[in-house]
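Asker: Please find one structure pasted underneath; my questions will follow.
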Amino acid sequence: MRLAVVGGGSTYTPELIDGFARLRDILPVDELVLVDPAADRLELVGGLARRILARQGHPGRIVLTGDLDAGVEGADAVLLQLRVGGQDARREDETWPLECGCVGQETTGAGGLAKALRTVPVVLDIAERVRRRSPHAWIVDFTNPVGIVTRALLTAGHRAVGLCNVAIGFQRRFAALLDADPADVSLDHVGLNHLTWERGVRLGGTDVLPELIAEHGDTLADTLRLPRTLLERLGVVPSYYLRYYYRHDEAVREQREGSSRAAEVAGIERRLLEMYADPALDRKPELLSRRGGAYYSEAAVALTASLLGRQGTDTGGGTPGGGAGGGEDVQVVNVLNDGTLPFLPDDAVIEVPAAIGPHGARPLPVRPLEPLYAGLVAQVTAYEQLALEAALKGGRDRVFEALLCHPLVGQIDRAEQLTDSLLAHNRHHLAWT
């Protein structure tokens with residue numbers, strides 16, 4: 001089995017390698033190709049990757065290359081984890097929206113749109129080259145904004161599934177609070193990428209979400225930085241990204257007064273790369289947990305294994321095995337709506353439990369989404385459609401319309417100013433400007 005990781009020089013990669021090493025019975029990889037144009041960085045990450053495999057007795061081979069076409073040649077699956085513009089672009093995405101009183105965030109709002117505009121054309125070019133070199137390969141997209149990028153891939157007819165670590169993170173957190181095996185915990189997880197709610201947490205067939213909120217409400221609220229009273233009133237656990245909607249102005253004030261997450265991550269990355277250069281290091285360092293992407297490796301291994309026809313591991317979606325046929329697993333992924341949420345277009349991409357197998361991802365039925373959530377989901381879906389059109393076709397007017405549609409912007413003057421700022425900060429990434 002040959003897998004390729006595009007963006008293999010990412011500091012995330014040792015987390016992924018650790019998962020491949022620990023879960024080799026689920027996904028026996030013979031050759032793992034790390035593809036990245038940054039040769040120096042790739043050597044550091046690749047060296048640690050080889051040491052991690054060796055320490056855990058994994059027989060697989062690590063290949064390092066800056067040649068995308070050679071890297072994806074003959075791959076069974078290709079994982080995408082790239083960041084167009086690097087941490088410098090992220091820092092800008094988190095900064096200039098604040099000038100307009102809007103949240104500065106890399107995956108939602110104006111900063112998220114900037115990232116989508118930079119990323120979609122690059123990912124589609126990569127996917128076309130994968131299709132030419134390995135037409136039967138599955139593409140697993142972990143590149144943000146995952147919902148928009150996955151919709152772009154699926155609209156272009158690629159064999160792709162979007163992946164986020166929010167659901168598996170909640171599954172693991174709930175399991176710890178319940179003192180339960182994560183495999184026994186499943187979620188009623190519904191919404192869009194980075195716009196989701198947990199409406200149920202099942203353990204042994206029983207919904208224990210009310211118990212979780214009653215007994216661990218303070219812990220959950222502190223993690224989400226939302227009031228416990230909100231969880232109690234709604235009876236759900238929102239994704240932590242919902243804070244940007246439910247407490248937008250407070251988030252803006254905090255961002256203006258403090259340092260950016262981008263600056264923090266850049267510092268963590270510098271320290272990680274220094275650690276990766278140590279030839280004695282042969283395991284992922286604890287510092288990596290502060291980089292983000294917790295449980296990414298488990299989710300990626302399970303999804304890839306299922307797509308390649310091997311029984312993977314359920315990662316938080318539905319009752320494990322429930323609603324799926326033989327040889328399928330239930331996992332939370334980003335997948336075409338296809339009537340699952342009837343108020344959305346079929347070609348919208350949603351994040352729900354799905355049956356995963358060699359056929360791809362098939363969303364499982366979900367109970368109707370309450371108006372409080374459906375309204376926000378519908379508006380953000382409309383924004384994502386406009387954002388994708390702007391990424392594919394370019395044009396200032398399309399950028400403006402996407403920003404005007406976004407619920408975190410939604411005002412003419414703000415949308416005009418944000419459009420000018422976005423274009424000024426991203427001209428060297430947008431061929432049409």
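Lettering and numbering for the structure tokens are positional, with chains as A, B, ... in the shown order, residues counted from 1 in each chain, and ligands counted from 1 in the shown order.
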Run DSSP on the backbone of this structure and report the residues of stretch 42-109 of chain A it assigns to alpha helix (DSSP H), as a PyMOL selection string.

Answerer: chain A and resi 42-55+68-72+86-93+109

Asker: Excluding stretch 363-376 of chain A and its own-chain neighbours fewer than 2 positions away, which residues fall within 8 Å of it when counting only C-alpha atoms? Please give them as a list in words.

Answerer: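 The residues satisfying every condition are Asp188, Val190, Gly323, Val335, Leu336, Asn337, Asp338, Thr340, Leu341, Val352, Pro353, Ala354, Ala355, Ala361, Ala378, Gln379, Val380 and Pro407 of chain A.
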
Asker: By how many Å are atom CA of A:Gly46 and atom CA of A:Leu64 apart?

Answerer: 6.7 Å

Asker: Of the residues A:Gly292, A:Pro182, A:Pro135, A:Pro145, which is the one nearest to A:Lys115, using only C-alpha atoms?

Answerer: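 Result for the nearest residue to A:Lys115: A:Pro145.
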
Asker: Which neighbours of stretch 232-245 of chain A fall inside 8 Å, counting only C-alpha atoms, when residues of the same chain fewer than 6 positions from it are skipped, and could you give them as a PyMOL selection string?

Answerer: chain A and resi 103+166+194-200+209-210+213-214+217+223-226+251+408

Asker: Which residues come within 12 Å of stretch 420-433 of chain A, counting only C-alpha atoms, excluding same-chain residues fewer than 5 positions away, as a VMD selection string?

Answerer: chain A and resid 84 to 86 88 to 100 104 109 to 122 390 to 400 403 413 to 415

Asker: Tell me which protein, DNA and RNA residues are within 7 Å of A:Gly8, counting only C-alpha atoms, leaving out same-chain ones fewer than 4 positions away, and put them as a PyMOL selection string.

Answerer: chain A and resi 13+34-36+42

Asker: Name the residues of stretch 244-367 of chain A that fall into strand (DSSP E or B) according to DSSP on the backbone, using the chain letters and numbers of this document, as a list in words.

Answerer: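 Taking stretch 244-367 of chain A and keeping strand (DSSP E or B) only, one gets Thr315, Gly316, Gly317, Asp329, Val330, Gln331, Val332, Val333, Asn334, Val335, Leu336, Val349, Ile350, Glu351, Val352, Pro353, Ala354, Ala355, Ile356, Gly357, Gly360, Ala361, Arg362 and Pro363 of chain A.
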
Asker: Output all heavy atoms for every residue in the selection just made, as a compact mmCIF listing (two decimals), in the first residue's frame.

Answerer:
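And here's selection_33.txt as it stands now:
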```
# COMPACT_ATOMS: atom_id res chain seq x y z
N THR A 315 -15.31 6.59 14.35
CA THR A 315 -14.75 7.77 15.00
C THR A 315 -15.84 8.78 15.33
O THR A 315 -15.80 9.91 14.89
CB THR A 315 -13.68 8.42 14.11
OG1 THR A 315 -14.26 8.71 12.82
CG2 THR A 315 -12.49 7.54 13.94
N GLY A 316 -16.83 8.33 16.09
CA GLY A 316 -17.75 9.29 16.67
C GLY A 316 -19.07 9.44 15.96
O GLY A 316 -19.91 10.21 16.41
N GLY A 317 -19.30 8.76 14.85
CA GLY A 317 -20.52 8.98 14.11
C GLY A 317 -21.53 7.88 14.31
O GLY A 317 -21.27 6.72 14.10
N ASP A 329 -17.73 1.43 7.82
CA ASP A 329 -17.62 1.99 9.16
C ASP A 329 -18.41 3.29 9.19
O ASP A 329 -18.63 3.92 8.16
CB ASP A 329 -16.16 2.30 9.51
CG ASP A 329 -15.30 1.07 9.49
OD1 ASP A 329 -15.67 0.08 10.13
OD2 ASP A 329 -14.25 1.10 8.83
N VAL A 330 -18.81 3.70 10.38
CA VAL A 330 -19.49 4.98 10.56
C VAL A 330 -18.50 5.98 11.11
O VAL A 330 -17.93 5.78 12.18
CB VAL A 330 -20.70 4.84 11.50
CG1 VAL A 330 -21.36 6.20 11.70
CG2 VAL A 330 -21.71 3.85 10.93
N GLN A 331 -18.27 7.04 10.35
CA GLN A 331 -17.33 8.08 10.76
C GLN A 331 -17.91 9.44 10.39
O GLN A 331 -18.67 9.55 9.42
CB GLN A 331 -15.98 7.87 10.06
CG GLN A 331 -15.30 6.55 10.42
CD GLN A 331 -14.17 6.20 9.50
OE1 GLN A 331 -13.48 7.07 8.99
NE2 GLN A 331 -13.94 4.91 9.28
N VAL A 332 -17.57 10.45 11.15
CA VAL A 332 -18.00 11.81 10.86
C VAL A 332 -17.05 12.41 9.83
O VAL A 332 -15.84 12.52 10.09
CB VAL A 332 -18.03 12.68 12.13
CG1 VAL A 332 -18.31 14.14 11.77
CG2 VAL A 332 -19.10 12.16 13.09
N VAL A 333 -17.59 12.79 8.69
CA VAL A 333 -16.77 13.33 7.61
C VAL A 333 -17.54 14.45 6.93
O VAL A 333 -18.71 14.71 7.20
CB VAL A 333 -16.41 12.24 6.56
CG1 VAL A 333 -15.51 11.18 7.17
CG2 VAL A 333 -17.66 11.62 5.97
N ASN A 334 -16.87 15.11 5.99
CA ASN A 334 -17.49 16.12 5.15
C ASN A 334 -17.85 15.48 3.83
O ASN A 334 -16.99 14.94 3.12
CB ASN A 334 -16.54 17.30 4.96
CG ASN A 334 -16.46 18.17 6.20
OD1 ASN A 334 -17.11 19.20 6.28
ND2 ASN A 334 -15.69 17.73 7.19
N VAL A 335 -19.14 15.54 3.49
CA VAL A 335 -19.69 14.74 2.41
C VAL A 335 -20.82 15.52 1.74
O VAL A 335 -21.41 16.43 2.33
CB VAL A 335 -20.21 13.39 2.98
CG1 VAL A 335 -21.32 13.62 3.98
CG2 VAL A 335 -20.63 12.43 1.90
N LEU A 336 -21.14 15.17 0.49
CA LEU A 336 -22.26 15.81 -0.19
C LEU A 336 -23.55 15.61 0.59
O LEU A 336 -23.85 14.52 1.07
CB LEU A 336 -22.42 15.25 -1.60
CG LEU A 336 -21.38 15.67 -2.65
CD1 LEU A 336 -21.63 14.94 -3.95
CD2 LEU A 336 -21.41 17.18 -2.88
N VAL A 349 -21.88 20.66 0.97
CA VAL A 349 -21.09 19.71 1.76
C VAL A 349 -21.41 19.92 3.24
O VAL A 349 -21.31 21.04 3.75
CB VAL A 349 -19.58 19.89 1.49
CG1 VAL A 349 -18.75 19.17 2.54
CG2 VAL A 349 -19.25 19.33 0.11
N ILE A 350 -21.80 18.84 3.90
CA ILE A 350 -22.17 18.89 5.31
C ILE A 350 -21.24 17.99 6.10
O ILE A 350 -20.52 17.16 5.53
CB ILE A 350 -23.63 18.45 5.52
CG1 ILE A 350 -23.85 17.01 5.01
CG2 ILE A 350 -24.58 19.42 4.80
CD1 ILE A 350 -25.25 16.47 5.28
N GLU A 351 -21.26 18.16 7.43
CA GLU A 351 -20.42 17.33 8.30
C GLU A 351 -21.33 16.53 9.23
O GLU A 351 -21.91 17.07 10.17
CB GLU A 351 -19.47 18.22 9.10
CG GLU A 351 -18.42 17.43 9.89
CD GLU A 351 -17.36 18.33 10.50
OE1 GLU A 351 -16.54 18.87 9.73
OE2 GLU A 351 -17.38 18.52 11.74
N VAL A 352 -21.46 15.25 8.92
CA VAL A 352 -22.37 14.36 9.63
C VAL A 352 -21.77 12.95 9.66
O VAL A 352 -20.83 12.65 8.93
CB VAL A 352 -23.75 14.30 8.93
CG1 VAL A 352 -24.48 15.63 9.00
CG2 VAL A 352 -23.61 13.84 7.48
N PRO A 353 -22.34 12.06 10.47
CA PRO A 353 -21.93 10.65 10.40
C PRO A 353 -22.24 10.08 9.02
O PRO A 353 -23.30 10.35 8.43
CB PRO A 353 -22.78 9.98 11.49
CG PRO A 353 -23.14 11.08 12.42
CD PRO A 353 -23.30 12.30 11.57
N ALA A 354 -21.34 9.28 8.50
CA ALA A 354 -21.50 8.69 7.18
C ALA A 354 -20.98 7.26 7.19
O ALA A 354 -20.10 6.92 7.98
CB ALA A 354 -20.75 9.52 6.13
N ALA A 355 -21.56 6.46 6.33
CA ALA A 355 -21.06 5.10 6.12
C ALA A 355 -19.90 5.18 5.14
O ALA A 355 -20.05 5.70 4.04
CB ALA A 355 -22.16 4.21 5.57
N ILE A 356 -18.75 4.68 5.56
CA ILE A 356 -17.52 4.79 4.77
C ILE A 356 -17.11 3.41 4.28
O ILE A 356 -17.04 2.45 5.06
CB ILE A 356 -16.37 5.38 5.60
CG1 ILE A 356 -16.82 6.63 6.35
CG2 ILE A 356 -15.18 5.67 4.70
CD1 ILE A 356 -17.16 7.80 5.48
N GLY A 357 -16.83 3.31 2.98
CA GLY A 357 -16.34 2.07 2.40
C GLY A 357 -15.65 2.38 1.09
O GLY A 357 -15.43 3.55 0.74
N GLY A 360 -16.85 5.17 -1.06
CA GLY A 360 -16.75 6.55 -0.61
C GLY A 360 -17.54 6.76 0.66
O GLY A 360 -17.65 5.86 1.50
N ALA A 361 -18.13 7.95 0.79
CA ALA A 361 -18.87 8.31 1.99
C ALA A 361 -20.34 8.52 1.65
O ALA A 361 -20.69 9.25 0.73
CB ALA A 361 -18.30 9.59 2.60
N ARG A 362 -21.21 7.87 2.42
CA ARG A 362 -22.65 7.98 2.23
C ARG A 362 -23.26 8.52 3.53
O ARG A 362 -23.25 7.85 4.56
CB ARG A 362 -23.24 6.60 1.90
CG ARG A 362 -24.75 6.53 1.88
CD ARG A 362 -25.21 5.16 1.36
NE ARG A 362 -24.60 4.05 2.08
CZ ARG A 362 -25.07 3.54 3.22
NH1 ARG A 362 -26.14 4.07 3.78
NH2 ARG A 362 -24.46 2.51 3.80
N PRO A 363 -23.78 9.76 3.49
CA PRO A 363 -24.31 10.34 4.74
C PRO A 363 -25.47 9.52 5.27
O PRO A 363 -26.34 9.08 4.50
CB PRO A 363 -24.75 11.74 4.32
CG PRO A 363 -24.99 11.65 2.84
CD PRO A 363 -24.00 10.65 2.33
```

Asker: In Å, how far is it from atom CA of A:Met275 to atom CA of A:Leu287?

Answerer: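 Those two atoms sit 9.6 Å apart.
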
Asker: For the atom pair atom CA of A:Val252 and atom CA of A:Leu418, what is the interatomic distance in Å to one decimal place?

Answerer: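 Between atom CA of A:Val252 and atom CA of A:Leu418 the gap is 15.1 Å.
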
Asker: Looking at A:Met1, A:Pro28, A:Cys405, A:Gln87, which one is nearest to A:Arg270, with distances taken over only C-alpha atoms?

Answerer: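 Of A:Met1, A:Pro28, A:Cys405, A:Gln87, the one nearest A:Arg270 is A:Gln87, counting only C-alpha atoms.
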
Asker: Can you pull out every residue within 10 Å of stretch 72-77 of chain A, counting only C-alpha atoms, but drop anything in the same chain fewer than 3 positions away, and send it as a PyMOL selection string?

Answerer: chain A and resi 1-6+31-35+67-69+80+126-127+129-140+159-160+304-305+307-308

Asker: So that I have them on file, write out the residues from the current selection with N, CA, C and O atoms, as a compact mmCIF listing (two decimals), in the first residue's frame.

Answerer:
```
# COMPACT_ATOMS: atom_id res chain seq x y z
N MET A 1 0.85 -1.19 0.00
CA MET A 1 0.00 0.00 0.00
C MET A 1 0.89 1.24 0.00
O MET A 1 1.82 1.34 0.79
N ARG A 2 0.58 2.15 -0.91
CA ARG A 2 1.37 3.39 -1.04
C ARG A 2 0.47 4.59 -0.78
O ARG A 2 -0.56 4.76 -1.44
N LEU A 3 0.85 5.40 0.19
CA LEU A 3 0.11 6.62 0.51
C LEU A 3 1.02 7.82 0.31
O LEU A 3 2.23 7.74 0.53
N ALA A 4 0.42 8.93 -0.09
CA ALA A 4 1.16 10.18 -0.24
C ALA A 4 0.52 11.24 0.65
O ALA A 4 -0.70 11.32 0.77
N VAL A 5 1.36 12.06 1.27
CA VAL A 5 0.91 13.18 2.09
C VAL A 5 1.42 14.45 1.45
O VAL A 5 2.64 14.70 1.44
N VAL A 6 0.53 15.24 0.89
CA VAL A 6 0.91 16.52 0.27
C VAL A 6 0.86 17.58 1.36
O VAL A 6 -0.17 17.82 1.98
N GLU A 31 4.63 1.99 1.87
CA GLU A 31 5.43 3.15 1.48
C GLU A 31 4.62 4.42 1.72
O GLU A 31 3.48 4.54 1.26
N LEU A 32 5.21 5.34 2.44
CA LEU A 32 4.57 6.62 2.74
C LEU A 32 5.42 7.72 2.14
O LEU A 32 6.59 7.88 2.50
N VAL A 33 4.85 8.45 1.21
CA VAL A 33 5.58 9.50 0.50
C VAL A 33 5.19 10.85 1.07
O VAL A 33 4.01 11.23 1.06
N LEU A 34 6.16 11.59 1.57
CA LEU A 34 5.94 12.94 2.07
C LEU A 34 6.34 13.92 0.98
O LEU A 34 7.50 13.94 0.55
N VAL A 35 5.37 14.70 0.52
CA VAL A 35 5.59 15.62 -0.60
C VAL A 35 5.56 17.05 -0.07
O VAL A 35 4.59 17.46 0.58
N ASP A 67 8.73 16.67 -5.68
CA ASP A 67 8.09 16.46 -6.98
C ASP A 67 6.70 15.89 -6.76
O ASP A 67 6.54 14.70 -6.44
N LEU A 68 5.68 16.71 -6.93
CA LEU A 68 4.31 16.27 -6.67
C LEU A 68 3.90 15.10 -7.56
O LEU A 68 3.35 14.10 -7.09
N ASP A 69 4.18 15.19 -8.85
CA ASP A 69 3.75 14.14 -9.77
C ASP A 69 4.38 12.80 -9.41
O ASP A 69 3.70 11.76 -9.41
N LEU A 80 -4.22 15.47 1.93
CA LEU A 80 -3.87 16.87 1.70
C LEU A 80 -3.88 17.62 3.03
O LEU A 80 -4.90 17.67 3.72
N ILE A 126 -3.67 20.17 -7.70
CA ILE A 126 -3.10 18.94 -7.14
C ILE A 126 -4.00 17.75 -7.47
O ILE A 126 -3.52 16.68 -7.88
N ALA A 127 -5.31 17.93 -7.29
CA ALA A 127 -6.24 16.84 -7.52
C ALA A 127 -6.24 16.39 -8.97
O ALA A 127 -6.35 15.18 -9.26
N ARG A 129 -3.73 16.49 -10.97
CA ARG A 129 -2.49 15.74 -11.18
C ARG A 129 -2.57 14.36 -10.53
O ARG A 129 -2.04 13.38 -11.06
N VAL A 130 -3.26 14.28 -9.40
CA VAL A 130 -3.51 12.96 -8.81
C VAL A 130 -4.35 12.11 -9.75
O VAL A 130 -4.08 10.92 -9.96
N ARG A 131 -5.37 12.72 -10.34
CA ARG A 131 -6.26 11.97 -11.23
C ARG A 131 -5.49 11.44 -12.44
O ARG A 131 -5.76 10.33 -12.91
N ARG A 132 -4.54 12.22 -12.94
CA ARG A 132 -3.77 11.76 -14.08
C ARG A 132 -2.80 10.64 -13.70
O ARG A 132 -2.60 9.69 -14.45
N ARG A 133 -2.17 10.77 -12.53
CA ARG A 133 -1.13 9.81 -12.13
C ARG A 133 -1.69 8.58 -11.42
O ARG A 133 -1.12 7.50 -11.52
N SER A 134 -2.77 8.76 -10.66
CA SER A 134 -3.36 7.66 -9.88
C SER A 134 -4.88 7.81 -9.88
O SER A 134 -5.47 8.25 -8.89
N PRO A 135 -5.51 7.47 -11.01
CA PRO A 135 -6.95 7.76 -11.17
C PRO A 135 -7.85 7.08 -10.16
O PRO A 135 -8.99 7.53 -9.97
N HIS A 136 -7.40 6.03 -9.52
CA HIS A 136 -8.25 5.33 -8.56
C HIS A 136 -7.95 5.72 -7.11
O HIS A 136 -8.56 5.17 -6.18
N ALA A 137 -7.04 6.65 -6.92
CA ALA A 137 -6.67 7.05 -5.55
C ALA A 137 -7.78 7.86 -4.91
O ALA A 137 -8.47 8.66 -5.57
N TRP A 138 -7.95 7.67 -3.62
CA TRP A 138 -8.83 8.52 -2.84
C TRP A 138 -8.06 9.72 -2.32
O TRP A 138 -6.89 9.61 -1.94
N ILE A 139 -8.72 10.87 -2.30
CA ILE A 139 -8.15 12.08 -1.73
C ILE A 139 -8.84 12.35 -0.40
O ILE A 139 -10.07 12.45 -0.33
N VAL A 140 -8.05 12.42 0.65
CA VAL A 140 -8.55 12.77 1.99
C VAL A 140 -8.11 14.20 2.27
O VAL A 140 -6.91 14.48 2.35
N ARG A 159 -12.46 11.88 -6.44
CA ARG A 159 -12.75 10.88 -5.40
C ARG A 159 -12.20 11.43 -4.08
O ARG A 159 -11.04 11.21 -3.75
N ALA A 160 -13.04 12.16 -3.37
CA ALA A 160 -12.55 12.90 -2.21
C ALA A 160 -13.54 12.84 -1.05
O ALA A 160 -14.75 12.75 -1.25
N THR A 304 -8.98 6.46 5.89
CA THR A 304 -8.23 5.91 4.77
C THR A 304 -8.39 4.40 4.69
O THR A 304 -8.57 3.84 3.60
N ALA A 305 -8.35 3.73 5.84
CA ALA A 305 -8.51 2.28 5.86
C ALA A 305 -9.86 1.87 5.29
O ALA A 305 -9.97 0.93 4.49
N LEU A 307 -11.82 3.61 3.23
CA LEU A 307 -11.89 3.92 1.80
C LEU A 307 -11.15 2.89 0.96
O LEU A 307 -11.51 2.64 -0.20
N LEU A 308 -10.11 2.29 1.54
CA LEU A 308 -9.32 1.30 0.81
C LEU A 308 -9.80 -0.12 1.06
O LEU A 308 -9.11 -1.09 0.73
```

Asker: Let me make sure I understand: among A:Pro59, A:Gly7, A:Tyr295, A:Glu328, which one has the smallest atom-to-atom distance to A:Gly71 if we use only C-alpha atoms?

Answerer: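 Ranking A:Pro59, A:Gly7, A:Tyr295, A:Glu328 by distance to A:Gly71, first place goes to A:Gly7.
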